[in-house]
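Printed here is data-v9.json (JSON, C-alpha atoms and all ligand atoms):
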[["chain", "number", "residue", "atom", "x", "y", "z"],
["A", 1, "ASN", "CA", -13.22, 25.00, 9.36],
["A", 2, "PRO", "CA", -10.45, 26.53, 7.22],
["A", 3, "ALA", "CA", -8.05, 23.70, 8.10],
["A", 4, "ARG", "CA", -10.30, 21.32, 6.24],
["A", 5, "GLU", "CA", -9.87, 23.37, 3.09],
["A", 6, "ARG", "CA", -6.11, 22.92, 3.05],
["A", 7, "THR", "CA", -4.33, 20.34, 0.98],
["A", 8, "ALA", "CA", -0.87, 21.48, 2.03],
["A", 9, "PRO", "CA", 0.93, 19.46, 4.72],
["A", 10, "ALA", "CA", 0.53, 20.59, 8.27],
["A", 11, "SER", "CA", 4.19, 20.92, 9.17],
["A", 12, "ALA", "CA", 3.77, 24.45, 10.52],
["A", 13, "ARG", "CA", 0.89, 23.56, 12.83],
["A", 14, "GLY", "CA", 1.32, 22.23, 16.36],
["A", 15, "TYR", "CA", -0.91, 19.20, 16.66],
["A", 16, "ALA", "CA", -1.66, 17.12, 19.70],
["A", 17, "ALA", "CA", 0.08, 13.75, 19.52],
["A", 18, "GLY", "CA", -1.74, 10.47, 19.07],
["A", 19, "VAL", "CA", -4.26, 10.93, 16.28],
["A", 20, "PRO", "CA", -2.81, 11.46, 12.81],
["A", 21, "ARG", "CA", -4.04, 14.62, 11.12],
["A", 22, "ILE", "CA", -2.78, 13.44, 7.75],
["A", 23, "VAL", "CA", -3.31, 9.97, 6.30],
["A", 24, "VAL", "CA", -1.42, 9.14, 3.12],
["A", 25, "LEU", "CA", -2.51, 6.03, 1.22],
["A", 26, "THR", "CA", 0.13, 4.75, -1.18],
["A", 27, "GLY", "CA", -0.07, 2.21, -3.98],
["A", 28, "ALA", "CA", 2.19, 0.64, -6.57],
["A", 29, "GLY", "CA", 2.60, 3.94, -8.44],
["A", 30, "ILE", "CA", 4.77, 5.42, -5.68],
["A", 31, "SER", "CA", 7.35, 2.67, -6.18],
["A", 32, "ALA", "CA", 7.19, 2.71, -9.99],
["A", 33, "GLU", "CA", 10.02, 5.23, -10.33],
["A", 34, "SER", "CA", 12.17, 2.97, -8.14],
["A", 35, "GLY", "CA", 11.75, 0.26, -10.77],
["A", 36, "VAL", "CA", 9.09, -1.82, -9.00],
["A", 37, "PRO", "CA", 6.42, -2.78, -11.56],
["A", 38, "THR", "CA", 2.81, -1.76, -10.93],
["A", 39, "PHE", "CA", 0.01, -4.32, -11.29],
["A", 40, "ARG", "CA", -2.38, -3.05, -13.90],
["A", 41, "GLY", "CA", -1.83, -1.43, -17.26],
["A", 42, "PRO", "CA", 0.89, -1.96, -19.88],
["A", 43, "ASP", "CA", 3.98, -3.71, -18.46],
["A", 44, "GLY", "CA", 2.04, -4.31, -15.22],
["A", 45, "LEU", "CA", 2.81, -7.41, -13.16],
["A", 46, "TRP", "CA", -0.55, -8.84, -14.11],
["A", 47, "GLU", "CA", -0.48, -7.99, -17.77],
["A", 48, "GLY", "CA", -1.68, -11.15, -19.49],
["A", 49, "HIS", "CA", -2.87, -12.78, -16.24],
["A", 50, "ARG", "CA", -6.30, -13.01, -14.71],
["A", 51, "VAL", "CA", -5.82, -11.62, -11.20],
["A", 52, "GLU", "CA", -7.77, -14.52, -9.73],
["A", 53, "ASP", "CA", -5.05, -16.83, -11.10],
["A", 54, "VAL", "CA", -2.22, -15.15, -9.24],
["A", 55, "ALA", "CA", -3.51, -13.33, -6.17],
["A", 56, "THR", "CA", -6.00, -15.59, -4.42],
["A", 57, "PRO", "CA", -5.70, -18.29, -1.76],
["A", 58, "GLU", "CA", -7.23, -20.66, -4.33],
["A", 59, "ALA", "CA", -4.38, -19.96, -6.77],
["A", 60, "PHE", "CA", -1.91, -20.77, -4.00],
["A", 61, "ASP", "CA", -3.69, -24.02, -3.11],
["A", 62, "ALA", "CA", -3.81, -25.05, -6.78],
["A", 63, "ASP", "CA", -0.16, -24.32, -7.57],
["A", 64, "PRO", "CA", 1.87, -23.25, -4.53],
["A", 65, "GLU", "CA", 5.26, -23.63, -6.25],
["A", 66, "THR", "CA", 4.39, -21.13, -8.98],
["A", 67, "VAL", "CA", 2.98, -18.61, -6.51],
["A", 68, "GLN", "CA", 5.99, -19.03, -4.17],
["A", 69, "ARG", "CA", 8.37, -18.46, -7.08],
["A", 70, "PHE", "CA", 6.43, -15.33, -8.15],
["A", 71, "TYR", "CA", 6.89, -13.82, -4.67],
["A", 72, "ASP", "CA", 10.47, -15.16, -4.29],
["A", 73, "ALA", "CA", 11.39, -13.29, -7.47],
["A", 74, "ARG", "CA", 9.76, -10.08, -6.24],
["A", 75, "ARG", "CA", 11.51, -10.46, -2.84],
["A", 76, "ALA", "CA", 14.87, -10.94, -4.55],
["A", 77, "ALA", "CA", 14.22, -7.94, -6.80],
["A", 78, "LEU", "CA", 13.78, -5.74, -3.72],
["A", 79, "THR", "CA", 17.53, -5.86, -3.16],
["A", 80, "THR", "CA", 18.07, -4.13, -6.51],
["A", 81, "VAL", "CA", 15.80, -1.11, -5.95],
["A", 82, "GLU", "CA", 16.03, 2.01, -3.82],
["A", 83, "PRO", "CA", 13.46, 4.46, -2.42],
["A", 84, "ASN", "CA", 12.75, 7.43, -4.69],
["A", 85, "ARG", "CA", 12.01, 11.11, -4.13],
["A", 86, "ALA", "CA", 8.37, 10.42, -3.27],
["A", 87, "HIS", "CA", 9.22, 7.93, -0.48],
["A", 88, "ARG", "CA", 11.85, 10.32, 0.86],
["A", 89, "ALA", "CA", 9.48, 13.28, 0.82],
["A", 90, "LEU", "CA", 6.98, 11.36, 2.96],
["A", 91, "ALA", "CA", 9.76, 10.41, 5.40],
["A", 92, "GLU", "CA", 10.77, 14.08, 5.59],
["A", 93, "LEU", "CA", 7.16, 15.04, 6.27],
["A", 94, "GLU", "CA", 7.03, 12.52, 9.11],
["A", 95, "ALA", "CA", 10.29, 13.91, 10.50],
["A", 96, "ALA", "CA", 8.58, 17.33, 10.55],
["A", 97, "VAL", "CA", 5.14, 16.41, 11.90],
["A", 98, "GLY", "CA", 5.82, 13.15, 13.80],
["A", 99, "ASP", "CA", 2.73, 11.14, 14.59],
["A", 100, "ASP", "CA", 0.50, 13.63, 12.82],
["A", 101, "LEU", "CA", 1.27, 11.57, 9.71],
["A", 102, "LEU", "CA", 0.27, 7.98, 9.09],
["A", 103, "VAL", "CA", 1.28, 6.23, 5.87],
["A", 104, "VAL", "CA", -1.05, 3.39, 4.93],
["A", 105, "THR", "CA", 0.51, 1.47, 2.09],
["A", 106, "GLN", "CA", -0.96, -1.21, -0.12],
["A", 107, "ASN", "CA", 2.59, -2.03, -1.18],
["A", 108, "ILE", "CA", 4.44, -5.05, 0.10],
["A", 109, "ASP", "CA", 7.89, -3.58, -0.60],
["A", 110, "ASP", "CA", 9.94, -1.94, 2.18],
["A", 111, "LEU", "CA", 10.76, 1.30, 0.39],
["A", 112, "HIS", "CA", 8.89, 3.57, 2.81],
["A", 113, "GLU", "CA", 10.89, 2.15, 5.73],
["A", 114, "ARG", "CA", 14.17, 2.36, 3.83],
["A", 115, "ALA", "CA", 13.42, 6.03, 3.10],
["A", 116, "GLY", "CA", 13.06, 6.59, 6.86],
["A", 117, "SER", "CA", 9.29, 6.42, 7.48],
["A", 118, "GLN", "CA", 8.45, 4.81, 10.80],
["A", 119, "ARG", "CA", 4.66, 5.06, 10.99],
["A", 120, "VAL", "CA", 3.71, 2.76, 8.13],
["A", 121, "VAL", "CA", 0.81, 0.31, 8.00],
["A", 122, "HIS", "CA", 1.23, -2.44, 5.39],
["A", 123, "MET", "CA", -2.41, -3.28, 4.86],
["A", 124, "HIS", "CA", -1.65, -5.88, 2.14],
["A", 125, "GLY", "CA", 1.26, -7.49, 4.02],
["A", 126, "GLU", "CA", 4.98, -7.48, 3.43],
["A", 127, "LEU", "CA", 7.38, -9.29, 1.12],
["A", 128, "LEU", "CA", 9.96, -9.51, 3.93],
["A", 129, "SER", "CA", 7.63, -11.50, 6.15],
["A", 130, "ALA", "CA", 6.33, -15.07, 6.00],
["A", 131, "LEU", "CA", 3.03, -16.35, 7.36],
["A", 132, "CYS", "CA", 2.86, -19.86, 8.81],
["A", 133, "ARG", "CA", -0.32, -21.61, 7.72],
["A", 134, "ALA", "CA", 0.04, -24.04, 10.65],
["A", 135, "CYS", "CA", 0.46, -21.67, 13.62],
["A", 136, "GLY", "CA", -0.57, -18.33, 12.09],
["A", 137, "ARG", "CA", 2.60, -16.48, 13.18],
["A", 138, "ARG", "CA", 4.15, -13.78, 11.00],
["A", 139, "THR", "CA", 7.95, -13.80, 11.02],
["A", 140, "PRO", "CA", 10.59, -11.70, 9.23],
["A", 141, "PHE", "CA", 11.78, -13.55, 6.15],
["A", 142, "ARG", "CA", 14.35, -12.74, 3.45],
["A", 143, "GLY", "CA", 15.04, -16.02, 1.66],
["A", 144, "ALA", "CA", 13.18, -18.16, -0.89],
["A", 145, "LEU", "CA", 9.96, -19.82, 0.22],
["A", 146, "SER", "CA", 10.26, -22.26, -2.69],
["A", 147, "ASP", "CA", 13.21, -23.75, -0.74],
["A", 148, "HIS", "CA", 10.58, -24.99, 1.78],
["A", 149, "PRO", "CA", 12.06, -23.53, 4.98],
["A", 150, "PRO", "CA", 10.40, -24.53, 8.29],
["A", 151, "CYS", "CA", 8.48, -22.04, 10.44],
["A", 152, "PRO", "CA", 10.92, -20.65, 13.04],
["A", 153, "VAL", "CA", 8.12, -20.72, 15.64],
["A", 154, "CYS", "CA", 6.44, -24.14, 15.27],
["A", 155, "GLY", "CA", 8.71, -25.98, 12.82],
["A", 156, "ALA", "CA", 5.96, -26.77, 10.31],
["A", 157, "VAL", "CA", 6.96, -26.62, 6.66],
["A", 158, "ASP", "CA", 3.92, -24.58, 5.70],
["A", 159, "LEU", "CA", 5.07, -20.99, 5.16],
["A", 160, "ARG", "CA", 3.33, -18.76, 2.61],
["A", 161, "PRO", "CA", 3.96, -15.18, 1.50],
["A", 162, "ASP", "CA", 2.65, -12.81, 4.18],
["A", 163, "VAL", "CA", 0.49, -10.93, 1.73],
["A", 164, "VAL", "CA", -3.23, -10.26, 1.49],
["A", 165, "TRP", "CA", -4.89, -11.89, -1.50],
["A", 166, "PHE", "CA", -8.40, -11.31, -2.86],
["A", 167, "GLY", "CA", -10.99, -12.62, -0.45],
["A", 168, "GLU", "CA", -8.68, -12.15, 2.55],
["A", 169, "VAL", "CA", -9.06, -9.39, 5.12],
["A", 170, "PRO", "CA", -6.40, -6.64, 4.99],
["A", 171, "TYR", "CA", -4.29, -6.00, 8.06],
["A", 172, "ARG", "CA", -5.04, -3.39, 10.75],
["A", 173, "MET", "CA", -8.39, -2.29, 9.34],
["A", 174, "GLN", "CA", -9.53, -0.97, 12.72],
["A", 175, "ASP", "CA", -6.48, 1.28, 13.11],
["A", 176, "ILE", "CA", -6.90, 2.50, 9.54],
["A", 177, "GLN", "CA", -10.61, 3.24, 9.94],
["A", 178, "GLN", "CA", -9.94, 5.18, 13.15],
["A", 179, "ALA", "CA", -7.27, 7.24, 11.43],
["A", 180, "LEU", "CA", -9.53, 7.94, 8.45],
["A", 181, "ALA", "CA", -12.34, 9.01, 10.73],
["A", 182, "SER", "CA", -10.19, 11.52, 12.55],
["A", 183, "CYS", "CA", -7.80, 12.89, 9.94],
["A", 184, "GLU", "CA", -8.11, 16.37, 8.44],
["A", 185, "LEU", "CA", -6.37, 15.52, 5.21],
["A", 186, "PHE", "CA", -6.39, 12.31, 3.20],
["A", 187, "VAL", "CA", -3.91, 11.99, 0.34],
["A", 188, "SER", "CA", -3.81, 9.09, -2.10],
["A", 189, "VAL", "CA", -0.58, 8.50, -4.04],
["A", 190, "GLY", "CA", -0.09, 6.15, -6.99],
["A", 191, "THR", "CA", -3.05, 3.83, -6.76],
["A", 192, "SER", "CA", -5.61, 2.89, -9.40],
["A", 193, "GLY", "CA", -8.52, 2.83, -6.96],
["A", 194, "ALA", "CA", -9.55, -0.57, -8.33],
["A", 195, "VAL", "CA", -9.19, -2.64, -5.16],
["A", 196, "TYR", "CA", -11.37, -2.41, -2.06],
["A", 197, "PRO", "CA", -11.36, -1.63, 0.80],
["A", 198, "ALA", "CA", -8.51, 0.84, 0.02],
["A", 199, "ALA", "CA", -10.47, 2.27, -2.91],
["A", 200, "GLY", "CA", -13.20, 3.31, -0.49],
["A", 201, "PHE", "CA", -10.94, 5.18, 1.93],
["A", 202, "VAL", "CA", -11.41, 8.51, 0.16],
["A", 203, "GLN", "CA", -15.16, 8.36, 0.63],
["A", 204, "LEU", "CA", -14.82, 7.31, 4.26],
["A", 205, "ALA", "CA", -12.41, 10.14, 5.01],
["A", 206, "ARG", "CA", -14.73, 12.63, 3.25],
["A", 207, "VAL", "CA", -17.77, 11.48, 5.17],
["A", 208, "TYR", "CA", -15.86, 12.26, 8.36],
["A", 209, "GLY", "CA", -14.92, 15.71, 7.07],
["A", 210, "ALA", "CA", -11.39, 15.37, 5.71],
["A", 211, "ARG", "CA", -10.08, 17.31, 2.75],
["A", 212, "THR", "CA", -9.00, 14.81, 0.07],
["A", 213, "LEU", "CA", -6.21, 15.01, -2.51],
["A", 214, "GLU", "CA", -5.16, 12.55, -5.22],
["A", 215, "LEU", "CA", -1.60, 12.46, -6.55],
["A", 216, "ASN", "CA", -1.44, 9.99, -9.44],
["A", 217, "LEU", "CA", 0.17, 9.65, -12.84],
["A", 218, "GLU", "CA", -3.21, 9.83, -14.54],
["A", 219, "PRO", "CA", -6.87, 10.08, -13.53],
["A", 220, "SER", "CA", -7.77, 6.95, -11.56],
["A", 221, "GLU", "CA", -11.08, 5.20, -10.97],
["A", 222, "GLY", "CA", -11.25, 7.12, -7.70],
["A", 223, "SER", "CA", -10.45, 10.59, -9.06],
["A", 224, "PRO", "CA", -14.06, 11.84, -9.04],
["A", 225, "TYR", "CA", -14.29, 11.30, -5.29],
["A", 226, "PHE", "CA", -11.41, 13.64, -4.36],
["A", 227, "HIS", "CA", -11.72, 17.36, -3.69],
["A", 228, "GLU", "CA", -8.59, 17.84, -5.75],
["A", 229, "ALA", "CA", -6.55, 15.66, -8.11],
["A", 230, "ARG", "CA", -3.07, 16.39, -9.44],
["A", 231, "HIS", "CA", -1.66, 14.21, -12.20],
["A", 232, "GLY", "CA", 1.97, 13.42, -12.92],
["A", 233, "PRO", "CA", 4.80, 11.24, -11.57],
["A", 234, "ALA", "CA", 4.87, 10.74, -7.80],
["A", 235, "GLY", "CA", 8.58, 11.64, -7.75],
["A", 236, "LEU", "CA", 7.59, 15.18, -8.70],
["A", 237, "LEU", "CA", 4.12, 15.54, -7.19],
["A", 238, "VAL", "CA", 4.85, 14.29, -3.68],
["A", 239, "PRO", "CA", 7.92, 16.46, -2.99],
["A", 240, "ASP", "CA", 6.04, 19.40, -4.49],
["A", 241, "TRP", "CA", 3.07, 18.78, -2.17],
["A", 242, "VAL", "CA", 5.27, 18.27, 0.89],
["A", 243, "SER", "CA", 7.44, 21.37, 0.33],
["B", 1, "LIG", "C1", 1.93, 6.29, -10.92],
["B", 1, "LIG", "C2", 3.21, 6.18, -11.42],
["B", 1, "LIG", "C3", 4.09, 7.16, -11.02],
["B", 1, "LIG", "C4", 2.16, 4.55, -12.22],
["B", 1, "LIG", "N1", 3.68, 8.12, -10.21],
["B", 1, "LIG", "N2", 1.53, 7.26, -10.13],
["B", 1, "LIG", "C5", -16.58, -7.60, -6.38],
["B", 1, "LIG", "C6", -16.26, -8.90, -6.74],
["B", 1, "LIG", "C7", -15.27, -9.63, -6.07],
["B", 1, "LIG", "C8", -14.59, -9.07, -5.02],
["B", 1, "LIG", "C9", -14.91, -7.79, -4.67],
["B", 1, "LIG", "C10", -15.89, -7.07, -5.33],
["B", 1, "LIG", "N3", -15.96, -5.84, -4.77],
["B", 1, "LIG", "C11", -15.04, -5.78, -3.80],
["B", 1, "LIG", "C12", -14.41, -6.96, -3.71],
["B", 1, "LIG", "C13", -13.33, -7.31, -2.78],
["B", 1, "LIG", "C14", -11.93, -7.34, -3.38],
["B", 1, "LIG", "C15", -11.80, -6.31, -4.50],
["B", 1, "LIG", "O1", -11.51, -5.15, -4.28],
["B", 1, "LIG", "N4", -11.95, -6.72, -5.75],
["B", 1, "LIG", "C16", -11.88, -5.76, -6.87],
["B", 1, "LIG", "C17", -11.10, -6.39, -8.00],
["B", 1, "LIG", "C18", -13.28, -5.33, -7.24],
["B", 1, "LIG", "N5", -11.07, -7.00, -2.28],
["B", 1, "LIG", "C19", -10.60, -7.92, -1.45],
["B", 1, "LIG", "O2", -10.85, -9.11, -1.59],
["B", 1, "LIG", "C20", -9.83, -7.42, -0.25],
["B", 1, "LIG", "N6", -10.36, -7.97, 0.94],
["B", 1, "LIG", "C21", -11.58, -7.64, 1.39],
["B", 1, "LIG", "O3", -12.29, -6.86, 0.80],
["B", 1, "LIG", "O4", -11.90, -8.23, 2.58],
["B", 1, "LIG", "C22", -13.18, -7.94, 3.15],
["B", 1, "LIG", "C23", -13.02, -7.00, 4.32],
["B", 1, "LIG", "C24", -12.38, -5.77, 4.15],
["B", 1, "LIG", "C25", -12.27, -4.90, 5.22],
["B", 1, "LIG", "C26", -12.78, -5.25, 6.43],
["B", 1, "LIG", "C27", -13.41, -6.48, 6.61],
["B", 1, "LIG", "C28", -13.52, -7.34, 5.56],
["B", 1, "LIG", "C29", -8.36, -7.85, -0.35],
["B", 1, "LIG", "C30", -7.65, -7.18, -1.47],
["B", 1, "LIG", "C31", -6.22, -7.70, -1.53],
["B", 1, "LIG", "C32", -5.44, -7.09, -2.70],
["B", 1, "LIG", "N7", -4.21, -7.74, -2.81],
["B", 1, "LIG", "C33", -3.26, -7.30, -3.82],
["B", 1, "LIG", "C34", -2.09, -8.31, -3.88],
["B", 1, "LIG", "C35", -1.18, -8.10, -2.64],
["B", 1, "LIG", "C36", 0.08, -8.91, -2.72],
["B", 1, "LIG", "C37", 0.97, -8.53, -3.90],
["B", 1, "LIG", "O5", 1.50, -7.42, -3.93],
["B", 1, "LIG", "O6", 1.12, -9.38, -4.78],
["B", 1, "LIG", "O7", -2.78, -6.00, -3.51],
["B", 1, "LIG", "S1", -4.05, -7.07, -5.39],
["B", 1, "LIG", "C38", -3.02, -5.71, -5.89],
["B", 1, "LIG", "O8", -3.86, -4.54, -6.11],
["B", 1, "LIG", "C39", -2.14, -5.40, -4.67],
["B", 1, "LIG", "C40", -2.20, -3.90, -4.62],
["B", 1, "LIG", "O9", -1.89, -3.45, -3.32],
["B", 1, "LIG", "C41", -3.63, -3.62, -5.05],
["B", 1, "LIG", "C42", -3.87, -2.23, -5.53],
["B", 1, "LIG", "O10", -3.09, -1.97, -6.65],
["B", 1, "LIG", "P1", -2.44, -0.52, -6.85],
["B", 1, "LIG", "O11", -1.43, -0.30, -5.81],
["B", 1, "LIG", "O12", -3.52, 0.48, -6.96],
["B", 1, "LIG", "O13", -1.64, -0.71, -8.23],
["B", 1, "LIG", "P2", -2.18, -0.54, -9.74],
["B", 1, "LIG", "O14", -1.19, -1.17, -10.64],
["B", 1, "LIG", "O15", -3.58, -0.99, -9.88],
["B", 1, "LIG", "O16", -2.22, 1.05, -9.97],
["B", 1, "LIG", "C43", -1.03, 1.81, -9.98],
["B", 1, "LIG", "C44", -1.42, 3.26, -10.17],
["B", 1, "LIG", "O17", -0.24, 4.04, -10.11],
["B", 1, "LIG", "C45", -2.06, 3.56, -11.54],
["B", 1, "LIG", "O18", -3.21, 4.39, -11.37],
["B", 1, "LIG", "C46", -0.98, 4.32, -12.32],
["B", 1, "LIG", "O19", -1.49, 5.33, -13.17],
["B", 1, "LIG", "C47", -0.21, 4.95, -11.18],
["B", 1, "LIG", "N8", 1.19, 5.20, -11.48],
["B", 1, "LIG", "N9", 3.25, 5.04, -12.26],
["B", 1, "LIG", "C48", 2.36, 8.13, -9.81],
["B", 1, "LIG", "N10", 5.37, 7.15, -11.48]]

For this file, produce the structure as structure tokens.
Amino acid sequence: NPARERTAPASARGYAAGVPRIVVLTGAGISAESGVPTFRGPDGLWEGHRVEDVATPEAFDADPETVQRFYDARRAALTTVEPNRAHRALAELEAAVGDDLLVVTQNIDDLHERAGSQRVVHMHGELLSALCRACGRRTPFRGALSDHPPCPVCGAVDLRPDVVWFGEVPYRMQDIQQALASCELFVSVGTSGAVYPAAGFVQLARVYGARTLELNLEPSEGSPYFHEARHGPAGLLVPDWVS
């Protein structure tokens, strides 16, 4: 199937609606040029921290104030950043191919949406949402959780960041797995490939016959699994791939 050999976007092809032909997985690297720090590596958010100390339910139970303040600061910082050329290029691709594109992001920022993308799955949650530990509801949230606001649904004062920590199950795994099983092209942008299940998506997509392409600043842990890998900043690579 020649279509499987392509790594160019499918904007010129008329696809049936419903099942995305292209799945783009994004990670912290796509937001780096907007000024959002990545996790790992020099200047990463976790530089000097053991990840288990900052991104687990156990860390939250042990010291909720510190964890709330960490996410409050990241939520506040969102107001100072803007989408970059890579986010905008993916929004332009969606404008061209509609529901033939699904963006699955590990990021909890809202830069894809602010660039204009509408079909975005936040598998690791969202900064602008709070999760009530009492009633389980997810509600839009923009303030500071360290101010101890009540849940707007049940009134309990037990809100936590609506993010997926280690040991928790990412959101919408069934939708994601269906999309990976049916897509023709899987593209990974700006992720280290160090965290599962996202790190395994390339192999899943390949097993089901997709062509796979990595766009990352440098070779990642997942690079060997892709048919093709291009290295450089997302702000250059993504618009170049989309055009
Ligand atoms: C650029 C760039 C530029 C820079 N342009 N590129 C063994 C032991 C223990 C646990 C496990 C184990 N094996 C597997 C597990 C499970 C565990 C796991 O993966 N652990 C690993 C450490 C091994 N996973 C989980 O627990 C997950 N849950 C789970 O598996 O549930 C079971 C289940 C799954 C499915 C179905 C049913 C059941 C949950 C993982 C949750 C991860 N959560 C975090 C925090 C979210 C909230 C927050 O943001 O604070 O998600 S961790 C953190 O890492 C965050 C990110 O989304 C995630 C990935 O990071 P990302 O995006 O790749 O960032 P970086 O910094 O690592 O990389 C950036 C990349 O960009 C680099 O490569 C740069 O080069 C590049 N870059 N500038 C292009 N300008």

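Residue nearest Ala198 of chain A within the list A:Ile108, A:Val238, A:Ala95, A:Leu180: A:Leu180 [criterion: smallest interatomic distance, all atoms listed in the file].
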
Segment 111-119 of chain A: axis-aligned bounding box, 4 Å on each side, centre and edge lengths in Å, one decimal, as JSON:
{"center_x": 9.4, "center_y": 3.9, "center_z": 5.7, "size_x": 17.5, "size_y": 13.3, "size_z": 18.6}

- request: Enumerate residues in contact with ligand LIG 1 (chain B): an atom-to-atom distance of at most 6 Å, counting only C-alpha atoms and all ligand atoms. Format the result as a PyMOL selection string.
  value: chain A and resi 27-30+32-33+38-40+55+106-108+124+163-170+190-197+216-218+220+233-234

- Near-Ser34 of chain A list (8 Å; only C-alpha atoms; drop same-chain fewer than 3 positions) as a ChimeraX atom specification: /A:31,81-84

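Near Phe70 of chain A, within 10 Å and counting all atoms listed in the file, sit A:Val54, A:Pro64, A:Glu65, A:Arg75, A:Ser146, A:Pro161, not including residues fewer than 5 positions from it in the same chain.
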
Atom CA of Gly35 of chain A sits from atom CA of Leu101 of chain A at a separation of 25.6 Å

| task | Quick one: everything within 12 Å of Leu127 of chain A, counting only C-alpha atoms, minus sequence neighbours fewer than 5 positions away in the same chain. Send it as a VMD selection string. | result | chain A and resid 68 70 to 79 106 to 111 122 138 to 145 160 to 164

In Å and to one decimal, atom CA of Glu221 of chain A is distant from atom CA of Thr105 of chain A by 17.9 Å

Atom CA of Gly209 of chain A to atom CA of Glu184 of chain A measures 7.0 Å

Residue with the minimum atom-to-atom distance to Gly232 of chain A, picked from A:Ala86, A:Leu102, A:Val120, A:Val202 with only C-alpha atoms counted, is A:Ala86

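The residue that comes closest to Thr80 of chain A, out of A:Val104, A:Val242, A:Val36, A:Ala179 and on the basis of only C-alpha atoms, is A:Val36.
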
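Of the listed residues (A:Cys154, A:Arg85, A:Tyr171, A:Asp240), A:Tyr171 comes nearest to Gly125 of chain A; the distances count all atoms listed in the file.
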
Need the shell around Glu113 of chain A: protein/DNA/RNA residues with any atom at most 10 Å away, counting all atoms listed in the file. Skip same-chain ones fewer than 5 positions apart. Format as an MDAnalysis selection string? chainID A and resid 83 87:88 91 118:120

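Nearest-residue note for Ser188 of chain A: choosing from A:Glu92, A:Glu228, A:Asp158, A:Asp175, the minimum distance belongs to A:Glu228, counting all atoms listed in the file.
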